[in-house]
$ cat input33.cif   # mmCIF, C-alpha atoms
data_data
#
loop_
_atom_site.group_PDB
_atom_site.id
_atom_site.type_symbol
_atom_site.label_atom_id
_atom_site.label_comp_id
_atom_site.auth_asym_id
_atom_site.auth_seq_id
_atom_site.Cartn_x
_atom_site.Cartn_y
_atom_site.Cartn_z
ATOM 1 C CA MET D 1 -9.083 26.011 -7.177
ATOM 2 C CA THR D 2 -6.423 24.078 -9.017
ATOM 3 C CA ARG D 3 -3.167 25.960 -9.149
ATOM 4 C CA TYR D 4 -1.048 23.571 -11.208
ATOM 5 C CA THR D 5 -1.643 21.654 -14.407
ATOM 6 C CA ILE D 6 -0.112 18.458 -15.721
ATOM 7 C CA GLY D 7 3.539 18.988 -16.577
ATOM 8 C CA ALA D 8 4.035 21.927 -14.176
ATOM 9 C CA ALA D 9 7.378 21.996 -12.363
ATOM 10 C CA VAL D 10 6.723 22.151 -8.618
ATOM 11 C CA ALA D 11 8.870 22.281 -5.504
ATOM 12 C CA VAL D 12 7.795 20.635 -2.251
ATOM 13 C CA ARG D 13 7.960 23.157 0.597
ATOM 14 C CA SER D 14 10.890 22.846 2.982
ATOM 15 C CA ALA D 15 8.654 23.195 6.021
ATOM 16 C CA TYR D 16 8.783 21.147 9.193
ATOM 17 C CA PRO D 17 5.561 21.750 11.125
ATOM 18 C CA PRO D 18 4.420 19.430 13.914
ATOM 19 C CA GLY D 19 1.295 17.300 13.634
ATOM 20 C CA HIS D 20 -0.258 14.784 11.251
ATOM 21 C CA VAL D 21 1.808 15.936 8.277
ATOM 22 C CA ARG D 22 1.207 14.088 5.006
ATOM 23 C CA ALA D 23 4.200 15.217 2.956
ATOM 24 C CA PRO D 24 7.025 12.692 3.505
ATOM 25 C CA PHE D 25 10.108 14.216 5.117
ATOM 26 C CA PHE D 26 12.464 12.938 2.413
ATOM 27 C CA ILE D 27 10.675 14.771 -0.392
ATOM 28 C CA ARG D 28 10.598 18.251 1.173
ATOM 29 C CA GLY D 29 12.669 20.735 -0.791
ATOM 30 C CA LYS D 30 12.732 18.485 -3.879
ATOM 31 C CA THR D 31 11.491 19.471 -7.328
ATOM 32 C CA GLY D 32 9.216 17.338 -9.485
ATOM 33 C CA THR D 33 6.599 17.437 -12.233
ATOM 34 C CA VAL D 34 2.812 17.220 -11.895
ATOM 35 C CA GLU D 35 1.786 13.843 -13.336
ATOM 36 C CA GLN D 36 -1.943 13.974 -12.538
ATOM 37 C CA VAL D 37 -4.443 16.335 -10.935
ATOM 38 C CA VAL D 38 -6.397 13.850 -8.789
ATOM 39 C CA GLY D 39 -9.201 15.999 -7.409
ATOM 40 C CA SER D 40 -10.316 17.830 -4.307
ATOM 41 C CA PHE D 41 -10.104 16.334 -0.812
ATOM 42 C CA GLY D 42 -10.466 17.578 2.749
ATOM 43 C CA ASN D 43 -7.078 18.536 4.183
ATOM 44 C CA PRO D 44 -6.048 15.435 6.172
ATOM 45 C CA GLU D 45 -3.764 17.542 8.349
ATOM 46 C CA GLU D 46 -6.934 19.175 9.755
ATOM 47 C CA LEU D 47 -9.224 16.152 9.521
ATOM 48 C CA ALA D 48 -6.829 14.303 11.830
ATOM 49 C CA TYR D 49 -7.781 16.713 14.622
ATOM 50 C CA GLY D 50 -11.519 16.749 13.985
ATOM 51 C CA ARG D 51 -11.461 20.230 12.464
ATOM 52 C CA ASN D 52 -13.652 21.295 9.583
ATOM 53 C CA PRO D 53 -11.125 20.925 6.775
ATOM 54 C CA GLU D 54 -10.460 23.178 3.816
ATOM 55 C CA GLN D 55 -10.707 21.446 0.436
ATOM 56 C CA LEU D 56 -7.324 20.942 -1.198
ATOM 57 C CA THR D 57 -6.360 19.768 -4.655
ATOM 58 C CA LEU D 58 -4.361 16.553 -4.563
ATOM 59 C CA TYR D 59 -1.660 15.956 -7.166
ATOM 60 C CA ARG D 60 0.461 13.011 -8.162
ATOM 61 C CA VAL D 61 3.944 14.444 -8.532
ATOM 62 C CA ARG D 62 6.732 12.609 -10.364
ATOM 63 C CA PHE D 63 10.346 12.934 -9.234
ATOM 64 C CA GLN D 64 13.497 11.561 -10.834
ATOM 65 C CA GLN D 65 15.097 9.256 -8.261
ATOM 66 C CA ALA D 66 18.500 10.809 -8.991
ATOM 67 C CA ASP D 67 17.070 14.204 -7.911
ATOM 68 C CA VAL D 68 15.708 12.786 -4.651
ATOM 69 C CA TRP D 69 18.628 10.692 -3.359
ATOM 70 C CA SER D 70 22.250 11.655 -3.723
ATOM 71 C CA GLY D 71 24.032 8.472 -4.690
ATOM 72 C CA TYR D 72 20.980 6.712 -6.134
ATOM 73 C CA THR D 73 22.492 3.644 -7.749
ATOM 74 C CA GLY D 74 19.726 2.684 -10.203
ATOM 75 C CA PRO D 75 19.431 3.819 -13.816
ATOM 76 C CA GLY D 76 18.694 7.486 -14.539
ATOM 77 C CA GLN D 77 15.152 6.868 -15.751
ATOM 78 C CA ASP D 78 13.879 5.498 -12.405
ATOM 79 C CA THR D 79 11.148 7.621 -10.861
ATOM 80 C CA LEU D 80 9.135 8.140 -7.701
ATOM 81 C CA VAL D 81 5.497 9.294 -7.856
ATOM 82 C CA ILE D 82 4.102 10.770 -4.625
ATOM 83 C CA ASP D 83 0.602 11.980 -3.758
ATOM 84 C CA ILE D 84 1.003 15.563 -2.491
ATOM 85 C CA TYR D 85 -1.606 18.172 -1.520
ATOM 86 C CA GLU D 86 -1.483 21.658 -2.975
ATOM 87 C CA ASN D 87 -0.610 23.336 0.349
ATOM 88 C CA TRP D 88 2.773 21.599 0.167
ATOM 89 C CA LEU D 89 3.667 22.772 -3.337
ATOM 90 C CA ASP D 90 5.293 25.946 -4.660
ATOM 91 C CA PRO D 91 6.121 26.722 -8.277
ATOM 92 C CA ALA D 92 9.623 25.482 -9.014
ATOM 93 C CA ALA D 93 12.157 28.285 -9.340
ATOM 94 C CA GLY D 94 11.719 29.919 -12.723
ATOM 95 C CA ASP D 95 8.326 28.258 -13.358
ATOM 96 C CA HIS D 96 5.281 30.518 -13.035
ATOM 97 C CA PRO D 97 1.868 28.857 -13.238
ATOM 98 C CA MET U 1 -0.228 -36.394 29.202
ATOM 99 C CA SER U 2 -1.385 -39.796 27.985
ATOM 100 C CA ASP U 3 0.632 -42.984 28.117
ATOM 101 C CA SER U 4 0.760 -43.058 24.332
ATOM 102 C CA HIS U 5 3.314 -40.243 24.492
ATOM 103 C CA SER U 6 6.131 -42.291 25.951
ATOM 104 C CA HIS U 7 9.483 -40.760 26.750
ATOM 105 C CA ASP U 8 11.732 -43.786 26.490
ATOM 106 C CA HIS U 9 14.318 -41.992 24.368
ATOM 107 C CA ASP U 10 17.184 -39.971 25.793
ATOM 108 C CA HIS U 11 16.717 -36.318 26.553
ATOM 109 C CA ASP U 12 20.299 -35.204 26.297
ATOM 110 C CA HIS U 13 19.401 -32.608 23.632
ATOM 111 C CA ASP U 14 18.301 -29.101 24.538
ATOM 112 C CA HIS U 15 14.647 -28.818 25.374
ATOM 113 C CA LEU U 16 12.631 -25.648 25.672
ATOM 114 C CA HIS U 17 10.764 -27.084 28.638
ATOM 115 C CA ASN U 18 11.080 -29.805 31.224
ATOM 116 C CA PRO U 19 9.962 -32.933 29.345
ATOM 117 C CA HIS U 20 8.509 -34.404 32.505
ATOM 118 C CA GLY U 21 6.865 -31.233 33.791
ATOM 119 C CA PRO U 22 3.565 -29.685 32.749
ATOM 120 C CA HIS U 23 3.226 -28.710 29.088
ATOM 121 C CA PRO U 24 3.594 -24.924 28.699
ATOM 122 C CA TYR U 25 0.394 -23.176 27.782
ATOM 123 C CA GLN U 26 0.171 -20.705 24.935
ATOM 124 C CA PRO U 27 -0.154 -17.288 26.609
ATOM 125 C CA ASP U 28 -3.665 -15.864 26.673
ATOM 126 C CA LEU U 29 -4.213 -12.636 24.725
ATOM 127 C CA GLU U 30 -4.686 -10.877 28.066
ATOM 128 C CA ASP U 31 -1.167 -11.869 29.132
ATOM 129 C CA ALA U 32 0.359 -9.412 26.661
ATOM 130 C CA PRO U 33 0.437 -5.783 27.807
ATOM 131 C CA PHE U 34 -2.612 -3.760 26.774
ATOM 132 C CA THR U 35 -1.051 -0.896 24.846
ATOM 133 C CA HIS U 36 -2.104 2.732 24.839
ATOM 134 C CA CYS U 37 -3.223 2.475 21.191
ATOM 135 C CA GLN U 38 -5.288 -0.657 21.833
ATOM 136 C CA LEU U 39 -6.949 1.041 24.789
ATOM 137 C CA MET U 40 -7.700 4.170 22.744
ATOM 138 C CA ALA U 41 -9.109 2.127 19.830
ATOM 139 C CA GLU U 42 -11.408 0.215 22.189
ATOM 140 C CA ALA U 43 -12.513 3.406 23.933
ATOM 141 C CA VAL U 44 -13.170 5.348 20.712
ATOM 142 C CA GLY U 45 -15.083 2.400 19.253
ATOM 143 C CA GLU U 46 -17.301 2.177 22.338
ATOM 144 C CA LEU U 47 -17.887 5.933 22.393
ATOM 145 C CA LEU U 48 -18.886 6.049 18.716
ATOM 146 C CA ILE U 49 -21.389 3.262 19.341
ATOM 147 C CA GLU U 50 -22.729 4.968 22.517
ATOM 148 C CA LYS U 51 -23.134 8.234 20.596
ATOM 149 C CA ASP U 52 -25.004 6.440 17.784
ATOM 150 C CA VAL U 53 -22.460 7.418 15.136
ATOM 151 C CA PHE U 54 -22.696 3.786 14.085
ATOM 152 C CA SER U 55 -24.024 0.648 15.712
ATOM 153 C CA ALA U 56 -22.138 -2.332 17.056
ATOM 154 C CA ASP U 57 -23.680 -4.266 14.191
ATOM 155 C CA ASP U 58 -22.271 -1.747 11.659
ATOM 156 C CA LEU U 59 -18.828 -2.228 13.186
ATOM 157 C CA ARG U 60 -19.130 -6.023 13.036
ATOM 158 C CA ALA U 61 -20.333 -5.860 9.425
ATOM 159 C CA MET U 62 -17.378 -3.651 8.387
ATOM 160 C CA ILE U 63 -14.871 -5.982 10.060
ATOM 161 C CA GLU U 64 -16.504 -8.943 8.304
ATOM 162 C CA LEU U 65 -16.405 -7.102 4.973
ATOM 163 C CA ILE U 66 -12.676 -6.401 5.356
ATOM 164 C CA ASP U 67 -11.995 -9.978 6.479
ATOM 165 C CA SER U 68 -13.862 -11.314 3.438
ATOM 166 C CA LYS U 69 -11.465 -9.596 1.004
ATOM 167 C CA SER U 70 -8.526 -11.480 -0.467
ATOM 168 C CA PRO U 71 -6.058 -11.206 -3.346
ATOM 169 C CA ALA U 72 -8.380 -13.529 -5.300
ATOM 170 C CA GLU U 73 -10.714 -10.596 -6.032
ATOM 171 C CA GLY U 74 -7.898 -8.471 -7.434
ATOM 172 C CA ALA U 75 -6.703 -11.481 -9.436
ATOM 173 C CA ARG U 76 -10.134 -11.795 -11.104
ATOM 174 C CA LEU U 77 -10.006 -8.132 -12.056
ATOM 175 C CA ILE U 78 -6.488 -8.456 -13.516
ATOM 176 C CA ALA U 79 -7.335 -11.608 -15.520
ATOM 177 C CA ARG U 80 -10.392 -9.920 -17.021
ATOM 178 C CA ALA U 81 -8.292 -6.839 -17.860
ATOM 179 C CA TRP U 82 -5.756 -9.049 -19.679
ATOM 180 C CA LEU U 83 -8.516 -10.609 -21.752
ATOM 181 C CA ASP U 84 -10.628 -7.538 -22.483
ATOM 182 C CA ALA U 85 -8.864 -4.337 -23.612
ATOM 183 C CA ASP U 86 -12.014 -2.238 -23.129
ATOM 184 C CA PHE U 87 -12.359 -3.501 -19.569
ATOM 185 C CA LYS U 88 -8.664 -2.749 -18.942
ATOM 186 C CA ALA U 89 -9.231 0.819 -20.137
ATOM 187 C CA ARG U 90 -12.056 1.130 -17.592
ATOM 188 C CA VAL U 91 -9.804 -0.334 -14.854
ATOM 189 C CA LEU U 92 -7.157 2.282 -15.652
ATOM 190 C CA GLU U 93 -9.864 4.964 -15.532
ATOM 191 C CA ASN U 94 -11.550 3.857 -12.285
ATOM 192 C CA VAL U 95 -10.764 0.584 -10.487
ATOM 193 C CA ASN U 96 -13.688 0.846 -8.080
ATOM 194 C CA ASP U 97 -16.271 1.135 -10.887
ATOM 195 C CA ALA U 98 -14.615 -1.636 -12.922
ATOM 196 C CA ALA U 99 -14.658 -3.922 -9.867
ATOM 197 C CA THR U 100 -18.394 -3.300 -9.479
ATOM 198 C CA GLU U 101 -18.875 -4.722 -13.001
ATOM 199 C CA LEU U 102 -17.460 -8.016 -11.653
ATOM 200 C CA GLY U 103 -19.674 -7.883 -8.567
ATOM 201 C CA ILE U 104 -16.783 -6.799 -6.336
ATOM 202 C CA ASP U 105 -17.381 -4.011 -3.796
ATOM 203 C CA ALA U 106 -13.991 -2.259 -3.617
ATOM 204 C CA GLY U 107 -15.257 0.466 -1.292
ATOM 205 C CA THR U 108 -15.294 4.222 -1.797
ATOM 206 C CA ILE U 109 -11.608 5.110 -1.379
ATOM 207 C CA PRO U 110 -10.416 5.623 -4.979
ATOM 208 C CA ILE U 111 -8.050 2.903 -6.190
ATOM 209 C CA ARG U 112 -5.767 3.734 -9.089
ATOM 210 C CA ALA U 113 -4.331 1.009 -11.321
ATOM 211 C CA VAL U 114 -0.818 1.329 -12.701
ATOM 212 C CA GLU U 115 0.129 -0.979 -15.545
ATOM 213 C CA ASN U 116 3.446 -2.722 -16.001
ATOM 214 C CA THR U 117 4.697 -2.644 -19.579
ATOM 215 C CA ASP U 118 7.914 -3.502 -21.396
ATOM 216 C CA THR U 119 9.209 -0.025 -20.453
ATOM 217 C CA VAL U 120 7.843 0.570 -16.921
ATOM 218 C CA HIS U 121 7.715 -1.568 -13.771
ATOM 219 C CA ASN U 122 5.535 -0.187 -10.968
ATOM 220 C CA VAL U 123 5.990 -0.768 -7.227
ATOM 221 C CA ILE U 124 3.639 0.336 -4.435
ATOM 222 C CA VAL U 125 4.608 1.542 -0.971
ATOM 223 C CA CYS U 126 3.152 3.796 1.703
ATOM 224 C CA THR U 127 6.087 5.484 3.419
ATOM 225 C CA LEU U 128 3.926 7.270 6.001
ATOM 226 C CA CYS U 129 1.840 4.358 7.270
ATOM 227 C CA SER U 130 0.473 1.281 5.490
ATOM 228 C CA CYS U 131 -2.116 2.473 2.933
ATOM 229 C CA TYR U 132 -3.125 -0.494 0.797
ATOM 230 C CA PRO U 133 -6.174 -1.398 -1.359
ATOM 231 C CA ARG U 134 -7.614 -3.468 1.493
ATOM 232 C CA LEU U 135 -11.180 -3.412 0.246
ATOM 233 C CA LEU U 136 -10.066 -5.015 -3.013
ATOM 234 C CA ILE U 137 -7.227 -7.426 -2.108
ATOM 235 C CA GLY U 138 -7.478 -7.817 1.667
ATOM 236 C CA LEU U 139 -5.116 -6.906 4.490
ATOM 237 C CA PRO U 140 -1.489 -6.098 3.651
ATOM 238 C CA PRO U 141 1.306 -8.537 4.458
ATOM 239 C CA ASP U 142 3.328 -7.667 7.577
ATOM 240 C CA TRP U 143 6.446 -6.825 5.558
ATOM 241 C CA TYR U 144 4.482 -4.148 3.669
ATOM 242 C CA LYS U 145 3.924 -2.374 7.001
ATOM 243 C CA SER U 146 7.536 -2.767 8.179
ATOM 244 C CA ARG U 147 9.772 0.270 8.512
ATOM 245 C CA SER U 148 12.374 -1.570 6.466
ATOM 246 C CA TYR U 149 10.138 -1.974 3.397
ATOM 247 C CA ARG U 150 8.603 1.481 3.754
ATOM 248 C CA SER U 151 11.956 3.252 3.906
ATOM 249 C CA ARG U 152 13.921 1.110 1.452
ATOM 250 C CA ALA U 153 11.297 0.698 -1.298
ATOM 251 C CA VAL U 154 11.589 4.401 -2.129
ATOM 252 C CA ARG U 155 15.342 4.710 -1.691
ATOM 253 C CA GLU U 156 16.681 1.491 -3.205
ATOM 254 C CA PRO U 157 13.752 -0.166 -4.974
ATOM 255 C CA ARG U 158 15.874 -2.369 -7.224
ATOM 256 C CA THR U 159 17.713 -3.834 -4.230
ATOM 257 C CA VAL U 160 14.404 -4.542 -2.482
ATOM 258 C CA LEU U 161 13.024 -6.154 -5.648
ATOM 259 C CA LYS U 162 16.098 -8.403 -5.862
ATOM 260 C CA GLU U 163 15.381 -9.623 -2.335
ATOM 261 C CA PHE U 164 11.967 -10.724 -3.629
ATOM 262 C CA GLY U 165 13.757 -12.533 -6.467
ATOM 263 C CA THR U 166 12.750 -9.885 -8.984
ATOM 264 C CA HIS U 167 15.260 -8.530 -11.488
ATOM 265 C CA ILE U 168 14.206 -5.563 -13.601
ATOM 266 C CA ASP U 169 16.434 -4.813 -16.596
ATOM 267 C CA ASP U 170 18.316 -1.522 -16.485
ATOM 268 C CA ASN U 171 16.538 -0.297 -19.630
ATOM 269 C CA ILE U 172 13.155 -0.500 -17.841
ATOM 270 C CA GLU U 173 12.027 2.388 -15.609
ATOM 271 C CA VAL U 174 11.265 1.375 -12.033
ATOM 272 C CA ARG U 175 8.446 3.683 -10.919
ATOM 273 C CA VAL U 176 7.707 3.665 -7.200
ATOM 274 C CA HIS U 177 4.322 5.016 -6.078
ATOM 275 C CA ASP U 178 4.181 6.420 -2.568
ATOM 276 C CA SER U 179 0.574 6.127 -1.457
ATOM 277 C CA THR U 180 0.552 8.959 1.076
ATOM 278 C CA ALA U 181 -2.910 10.420 0.631
ATOM 279 C CA ASP U 182 -6.450 9.689 -0.556
ATOM 280 C CA LEU U 183 -5.598 7.166 -3.283
ATOM 281 C CA ARG U 184 -4.776 3.479 -3.116
ATOM 282 C CA TYR U 185 -2.780 1.703 -5.816
ATOM 283 C CA LEU U 186 -2.988 -1.608 -7.629
ATOM 284 C CA VAL U 187 -0.341 -2.860 -10.048
ATOM 285 C CA ILE U 188 -1.536 -4.584 -13.216
ATOM 286 C CA PRO U 189 1.272 -7.096 -13.781
ATOM 287 C CA GLU U 190 2.370 -8.061 -17.283
ATOM 288 C CA ARG U 191 0.573 -11.110 -18.593
ATOM 289 C CA PRO U 192 3.108 -13.958 -18.567
ATOM 290 C CA GLN U 193 4.406 -15.389 -21.817
ATOM 291 C CA GLY U 194 2.922 -18.782 -22.570
ATOM 292 C CA SER U 195 -0.486 -17.861 -21.127
ATOM 293 C CA GLU U 196 -2.029 -17.021 -24.505
ATOM 294 C CA THR U 197 -4.392 -20.005 -24.596
ATOM 295 C CA MET U 198 -5.371 -19.980 -20.922
ATOM 296 C CA SER U 199 -8.945 -19.558 -19.732
ATOM 297 C CA GLU U 200 -9.996 -16.653 -17.501
ATOM 298 C CA ASP U 201 -9.986 -18.967 -14.457
ATOM 299 C CA GLU U 202 -6.496 -20.230 -15.270
ATOM 300 C CA LEU U 203 -5.241 -16.666 -15.706
ATOM 301 C CA THR U 204 -6.843 -15.667 -12.402
ATOM 302 C CA SER U 205 -4.911 -18.404 -10.621
ATOM 303 C CA LEU U 206 -1.613 -17.002 -11.964
ATOM 304 C CA VAL U 207 -2.024 -13.577 -10.337
ATOM 305 C CA THR U 208 -0.373 -13.288 -6.917
ATOM 306 C CA ARG U 209 -0.730 -10.719 -4.168
ATOM 307 C CA ASP U 210 2.924 -9.674 -4.469
ATOM 308 C CA SER U 211 2.566 -9.108 -8.213
ATOM 309 C CA MET U 212 -0.289 -6.660 -7.500
ATOM 310 C CA ILE U 213 2.031 -4.758 -5.092
ATOM 311 C CA GLY U 214 4.744 -4.858 -7.752
ATOM 312 C CA VAL U 215 7.472 -6.630 -5.805
ATOM 313 C CA THR U 216 7.286 -9.641 -8.122
ATOM 314 C CA THR U 217 6.536 -10.272 -11.775
ATOM 315 C CA LEU U 218 4.669 -13.253 -13.202
#

$ encode --input "input33.cif" --output "structure tokens"
Amino acid sequence: MTRYTIGAAVAVRSAYPPGHVRAPFFIRGKTGTVEQVVGSFGNPEELAYGRNPEQLTLYRVRFQQADVWSGYTGPGQDTLVIDIYENWLDPAAGDHP
Amino acid sequence: MSDSHSHDHDHDHDHLHNPHGPHPYQPDLEDAPFTHCQLMAEAVGELLIEKDVFSADDLRAMIELIDSKSPAEGARLIARAWLDADFKARVLENVNDAATELGIDAGTIPIRAVENTDTVHNVIVCTLCSCYPRLLIGLPPDWYKSRSYRSRAVREPRTVLKEFGTHIDDNIEVRVHDSTADLRYLVIPERPQGSETMSEDELTSLVTRDSMIGVTTL
């Protein structure tokens, strides 16, 4: 099941579980835009422990650098695109998929 | 030491070893401490072979396949993409399939190409580990795996690029791709000015590893 479509505003969960977590620490709690729906992959956070993984949709999510780092010194159009699995994404506040 | 190596000059400068004593040997591999991760990798490898998950020959063949890869294969793909717009469209759609057209086995992990243009400059990093399109362009350089590159490429990409001698104009978007998951990335650099009349082989020789990571331009 694919919850988000290209252009959807999404927020990365502010969660801090232990284990083989694949959402970078610095992007948690930040809001971005779905750039691409990549496809379905086994959840690496379960695969890492030899469990039978659930299938998760993987997205490429685009963030404005100025939204990620306070004090980013580059121009306003600079961006960061991160591969993030669906279990780490919530709809951004005010955006209902 | 043979007589041909005479020591008739003065030795008043600093020397790392006694010039008249035995020559120091390079340490054997076994002289370095065997780390926990090395031990685990050896043990898991042996267990997988014992349990017939794969054979020792499979393991050798995979290591040889990885060792056979080099930036030259990615360079061939880029040069062809510069020359053939239809091929470039297929590269942007699916790098692995496009590589197969050139007789290159880029493996099964999907590789995504991102193209530099006059409005966007792409840079690749893996902040979590060292994901890299190894089966297309070989093993990553050590700096790509360093904590310094991995943390700074996302936070201050333009400063990192400057350290590689790369200046990107302020009116161009720097787009950093963090390869954290099941994709690998390959940058298609801009074809250099002045290369219009070059042959495919000449174009191939222009493409560098660093330009396919996005830390340099051509």

$ atom_distance --input "input33.cif" --atom1 "atom CA of Thr127 of chain U" --atom2 "atom CA of Ala48 of chain D"
17.8 Å

$ atom_distance --input "input33.cif" --atom1 "atom CA of Arg3 of chain D" --atom2 "atom CA of Asp90 of chain D"
9.6 Å

$ resolve_selection --input "input33.cif" --expression "the PyMOL selection byres ((chain U and resi 185-201) around 10)" --output "PDB file with C-alpha atoms, in the coordinates of the input"
ATOM      1  CA  GLY U  74      -7.898  -8.471  -7.434  1.00  0.00           C
ATOM      2  CA  ALA U  75      -6.703 -11.481  -9.436  1.00  0.00           C
ATOM      3  CA  ARG U  76     -10.134 -11.795 -11.104  1.00  0.00           C
ATOM      4  CA  LEU U  77     -10.006  -8.132 -12.056  1.00  0.00           C
ATOM      5  CA  ILE U  78      -6.488  -8.456 -13.516  1.00  0.00           C
ATOM      6  CA  ALA U  79      -7.335 -11.608 -15.520  1.00  0.00           C
ATOM      7  CA  ARG U  80     -10.392  -9.920 -17.021  1.00  0.00           C
ATOM      8  CA  ALA U  81      -8.292  -6.839 -17.860  1.00  0.00           C
ATOM      9  CA  TRP U  82      -5.756  -9.049 -19.679  1.00  0.00           C
ATOM     10  CA  LEU U  83      -8.516 -10.609 -21.752  1.00  0.00           C
ATOM     11  CA  LYS U  88      -8.664  -2.749 -18.942  1.00  0.00           C
ATOM     12  CA  VAL U  91      -9.804  -0.334 -14.854  1.00  0.00           C
ATOM     13  CA  LEU U  92      -7.157   2.282 -15.652  1.00  0.00           C
ATOM     14  CA  VAL U  95     -10.764   0.584 -10.487  1.00  0.00           C
ATOM     15  CA  PRO U 110     -10.416   5.623  -4.979  1.00  0.00           C
ATOM     16  CA  ILE U 111      -8.050   2.903  -6.190  1.00  0.00           C
ATOM     17  CA  ARG U 112      -5.767   3.734  -9.089  1.00  0.00           C
ATOM     18  CA  ALA U 113      -4.331   1.009 -11.321  1.00  0.00           C
ATOM     19  CA  VAL U 114      -0.818   1.329 -12.701  1.00  0.00           C
ATOM     20  CA  GLU U 115       0.129  -0.979 -15.545  1.00  0.00           C
ATOM     21  CA  ASN U 116       3.446  -2.722 -16.001  1.00  0.00           C
ATOM     22  CA  THR U 117       4.697  -2.644 -19.579  1.00  0.00           C
ATOM     23  CA  ASP U 118       7.914  -3.502 -21.396  1.00  0.00           C
ATOM     24  CA  HIS U 121       7.715  -1.568 -13.771  1.00  0.00           C
ATOM     25  CA  ASN U 122       5.535  -0.187 -10.968  1.00  0.00           C
ATOM     26  CA  VAL U 123       5.990  -0.768  -7.227  1.00  0.00           C
ATOM     27  CA  ILE U 124       3.639   0.336  -4.435  1.00  0.00           C
ATOM     28  CA  VAL U 125       4.608   1.542  -0.971  1.00  0.00           C
ATOM     29  CA  CYS U 126       3.152   3.796   1.703  1.00  0.00           C
ATOM     30  CA  CYS U 131      -2.116   2.473   2.933  1.00  0.00           C
ATOM     31  CA  TYR U 132      -3.125  -0.494   0.797  1.00  0.00           C
ATOM     32  CA  PRO U 133      -6.174  -1.398  -1.359  1.00  0.00           C
ATOM     33  CA  LEU U 136     -10.066  -5.015  -3.013  1.00  0.00           C
ATOM     34  CA  ILE U 137      -7.227  -7.426  -2.108  1.00  0.00           C
ATOM     35  CA  HIS U 177       4.322   5.016  -6.078  1.00  0.00           C
ATOM     36  CA  ASP U 178       4.181   6.420  -2.568  1.00  0.00           C
ATOM     37  CA  SER U 179       0.574   6.127  -1.457  1.00  0.00           C
ATOM     38  CA  LEU U 183      -5.598   7.166  -3.283  1.00  0.00           C
ATOM     39  CA  ARG U 184      -4.776   3.479  -3.116  1.00  0.00           C
ATOM     40  CA  GLU U 202      -6.496 -20.230 -15.270  1.00  0.00           C
ATOM     41  CA  LEU U 203      -5.241 -16.666 -15.706  1.00  0.00           C
ATOM     42  CA  THR U 204      -6.843 -15.667 -12.402  1.00  0.00           C
ATOM     43  CA  SER U 205      -4.911 -18.404 -10.621  1.00  0.00           C
ATOM     44  CA  LEU U 206      -1.613 -17.002 -11.964  1.00  0.00           C
ATOM     45  CA  VAL U 207      -2.024 -13.577 -10.337  1.00  0.00           C
ATOM     46  CA  THR U 208      -0.373 -13.288  -6.917  1.00  0.00           C
ATOM     47  CA  ARG U 209      -0.730 -10.719  -4.168  1.00  0.00           C
ATOM     48  CA  ASP U 210       2.924  -9.674  -4.469  1.00  0.00           C
ATOM     49  CA  SER U 211       2.566  -9.108  -8.213  1.00  0.00           C
ATOM     50  CA  MET U 212      -0.289  -6.660  -7.500  1.00  0.00           C
ATOM     51  CA  ILE U 213       2.031  -4.758  -5.092  1.00  0.00           C
ATOM     52  CA  GLY U 214       4.744  -4.858  -7.752  1.00  0.00           C
ATOM     53  CA  VAL U 215       7.472  -6.630  -5.805  1.00  0.00           C
ATOM     54  CA  THR U 216       7.286  -9.641  -8.122  1.00  0.00           C
ATOM     55  CA  THR U 217       6.536 -10.272 -11.775  1.00  0.00           C
ATOM     56  CA  LEU U 218       4.669 -13.253 -13.202  1.00  0.00           C
TER      57      LEU U 218
END

$ resolve_selection --input "input33.cif" --expression "the PyMOL selection byres ((chain D) within 6 of (chain U))" --output "list in words"
Gln77, Asp78, Thr79, Leu80, Val81, Ile82 and Asp83 of chain D

$ residues_around --input "input33.cif" --residues "segment 52-67 of chain D" --least-positions-apart "6" --cutoff "9 Å" --atoms "only C-alpha atoms" --output "count of residues only"
41

$ atom_distance --input "input33.cif" --atom1 "atom CA of Ala15 of chain D" --atom2 "atom CA of Gly71 of chain D"
23.8 Å

$ resolve_selection --input "input33.cif" --expression "the PyMOL selection byres ((chain D and resi 92) around 6)" --output "PyMOL selection string"
chain D and resi 9-11+91+93+95

$ axis_aligned_box --input "input33.cif" --around "segment 93-110 of chain U" --padding-each-side "3 Å" --output "lines of an AutoDock Vina configuration file"
center_x = -14.8
center_y = -1.2
center_z = -8.4
size_x = 15.8
size_y = 19.6
size_z = 20.2

$ closest_residue --input "input33.cif" --among "U:Gly45, U:Gly138, U:Pro22, U:Pro71" --to "Leu59 of chain U" --atoms "all atoms listed in the file"
U:Gly45
